[in-house]
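Below is one structure, written out as structure tokens, with a few remarks after it.
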Amino acid sequence: MSSIDSLLNLLKDTPDGAFFNPWYQNDSQHDVVNKAPEIRKNQLKHYLEERLATAKYLFIAEALGYQGGHFTGIAMTSERILLGHHESVHGIPADGAFQSIEPKRTSKPEVNEKGMSEPTATIMWKAIYQLGIDPYETVLWNALPWHPYDSDDGLLSNRTPTDRELEKGYSSLKSFLKLFPDGEIIAVGRKCEQSLDAFGISDYTPVRHPANGGAPKFRRQMKDLINS
């Protein structure tokens with residue numbers, strides 16, 4: 001079994017509570033096809049495979065979001081990015097995530113006609129291209145790989161994971177880091193820092209999470225990081 005397959009196996013273990021697992025669960029209300037989990041898993045696998053030999057920067061944020069990885073399977077990556085809808089406005093080409101397979105959306109058109117768009121994903125990918133970073137030298141991940149949602153608001157919502165829930169992501173985070181042993185770790189937000197600290201990884205660079213008004217500081221810190 002390959003290291004990527006081992007990581008994908010770990011992702012089967014969805015935590016108890018209000019979590020959605022995009023690679024092994026159907027969102028029956030919003031998925032456009034029954035095989036949506038297979039599509040998302042395949043997209044994640046190719047995304048990781050195409051970076052095994054080139055990764056320099058590992059950007060690790062908090063948890064999967066409903067506007068991003070919930071429907072693409074890839075952290076901080078929205079359907080509009082995969083489908084090229086952000087190229088003309090934001091300068092994000094469609095081939096930045098993977099090139100060995102055709103990208104697909106998994107949300108129904110009635111959820112959003114052009115596919116889901118996530119602000120954090122747009123800010124992250126736009127910064128990568130504006131700074132002249134090869135997207136195949138970057139890998140995006142989450143300390144908690146699954147999507148935590150608000151049980152009252154439904155699957156199209158996000159919530160902040162608890163400290164105990166973050167612990168559920170430790171094994172998959174360790175497996176992810178083993179895939180890219182030479183990558184520089186950038187912790188995007190405090191929750192990721194907390195997870196890294198918990199199992200003794202101190203060699204990382206913290207940056208502000210771009211959500212909730214943090215985008216300007218995030219961009220400045222990204223620029224300083226690349227220029228250092």
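We name chains A, B, ... following the order of the structure tokens; residues begin at 1 in each chain, and ligands are numbered from 1 as shown.
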
Among stretch 10-219 of chain A, which residues does DSSP mark as strand (DSSP E) when it is run on the backbone? Keep the chain and numbering as in the structure and answer as number ranges by chain. A: 19-20, 57-63, 138-144, 147-148, 184-188, 205-207

Near A:Ala18, counting only C-alpha atoms, which residues have an atom at most 7 Å away, once you skip same-chain residues fewer than 2 positions from it, shown as a ChimeraX atom specification? /A:16,20,148-151

Per-residue nearest contacts of stretch 77-121 of chain A to stretch 138-145 of chain A (12 Å; only C-alpha atoms) as a Markdown table:
| residue | atom | partner | partner_atom | distance |
| --- | --- | --- | --- | --- |
| A:Thr77 | CA | A:Leu140 | CA | 8.4 |
| A:Gly96 | CA | A:Thr138 | CA | 10.1 |
| A:Ala97 | CA | A:Val139 | CA | 9.4 |
| A:Phe98 | CA | A:Val139 | CA | 11.4 |
| A:Thr120 | CA | A:Leu140 | CA | 11.7 |
| A:Ala121 | CA | A:Leu140 | CA | 9.8 |

Write the selection just made, keeping N, CA and C atoms, as a compact mmCIF listing (two decimals), in the first residue's frame?
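After the write, selection.txt holds the following:
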# COMPACT_ATOMS: atom_id res chain seq x y z
N THR A 77 -9.57 24.63 -1.29
CA THR A 77 -9.71 24.61 -2.74
C THR A 77 -11.19 24.47 -3.08
N GLY A 96 -3.99 24.37 -11.69
CA GLY A 96 -3.08 24.50 -10.58
C GLY A 96 -3.17 23.40 -9.54
N ALA A 97 -4.30 22.69 -9.51
CA ALA A 97 -4.49 21.65 -8.49
C ALA A 97 -3.93 20.31 -8.96
N PHE A 98 -4.27 19.91 -10.17
CA PHE A 98 -3.76 18.66 -10.74
C PHE A 98 -3.97 18.72 -12.25
N THR A 120 -11.55 31.82 1.84
CA THR A 120 -10.20 31.43 2.27
C THR A 120 -9.43 30.79 1.12
N ALA A 121 -10.10 29.93 0.36
CA ALA A 121 -9.45 29.27 -0.78
C ALA A 121 -9.00 30.29 -1.81

Just the residues within 10 Å of stretch 223-228 of chain A, please, counting only C-alpha atoms, with nothing from its chain fewer than 3 positions along; format it as number ranges by chain. A: 57, 127-128, 130-133, 186, 205-207, 217-220

Counting only C-alpha atoms, figure out which residue out of A:Met116, A:Ala53, A:Cys192, A:Leu8 gets nearest to A:Gly69. A:Met116

What's the 7 Å shell around A:Lys56, counting only C-alpha atoms, without same-chain residues fewer than 3 positions away, as a ChimeraX atom specification? /A:137-138,182-184

Got time to write the residues from that selection, C-alpha atoms, as a short mmCIF file (atom, residue, chain, number, x, y, z; two decimals), in the first residue's frame?
data_model
loop_
_atom_site.label_atom_id
_atom_site.label_comp_id
_atom_site.auth_asym_id
_atom_site.auth_seq_id
_atom_site.Cartn_x
_atom_site.Cartn_y
_atom_site.Cartn_z
CA GLU A 137 5.56 23.42 -4.82
CA THR A 138 2.73 24.00 -2.33
CA ASP A 182 11.38 18.13 3.28
CA GLY A 183 8.49 20.59 3.10
CA GLU A 184 8.54 23.81 5.12
#

List the neighbours of A:His90 out to 8 Å using only C-alpha atoms; skip same-chain residues closer than 2 positions along the sequence, and give me the result as JSON, numbers by chain. {"A": [86, 87, 88, 92, 122, 126]}

Determine, counting only C-alpha atoms, which protein, DNA and RNA residues have an atom within 9 Å of an atom of A:Asp13; residues of the same chain fewer than 4 positions away are not included. Present the result as a compact mmCIF listing (two decimals) with C-alpha atoms, in the first residue's frame.
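As written to disk, around_33.txt reads:
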# COMPACT_ATOMS: atom_id res chain seq x y z
CA ASN A 9 -7.40 4.92 4.82
CA ASN A 21 -16.41 13.07 5.46
CA LYS A 168 -8.85 13.23 16.14

Between atom CA of A:Gln25 and atom CA of A:His85, distance in Å (one decimal): 26.3 Å

Could you list, as a list of chain:residue names, every residue within 10 Å of A:Lys35, counting only C-alpha atoms and ignoring same-chain residues fewer than 6 positions away?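 So, after excluding close chain neighbours, the residues are A:Trp23, A:Tyr24, A:Gln25, A:Asn26, A:Thr106.
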
Residue with smallest distance to A:Thr14 - pool A:Trp146, A:Arg164, A:Met124, A:Gln221, counting only C-alpha atoms: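 Of A:Trp146, A:Arg164, A:Met124, A:Gln221, the one nearest A:Thr14, counting only C-alpha atoms, is A:Trp146.
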
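With only C-alpha atoms as the basis for measurement, A:Glu49 is the residue among A:Pro210, A:Glu49, A:Lys104, A:Pro161 that approaches A:Leu7 most closely.
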
When DSSP works through the backbone of this structure, what residues of stretch 48-100 of chain A end up as alpha helix (DSSP H), shown as JSON, numbers by chain? {"A": [48, 49, 69, 70, 71, 72, 79, 80, 81, 82, 87, 88, 89, 90]}

d(atom CA of A:Gly154, atom CA of A:Leu82) in Å: 24.5 Å
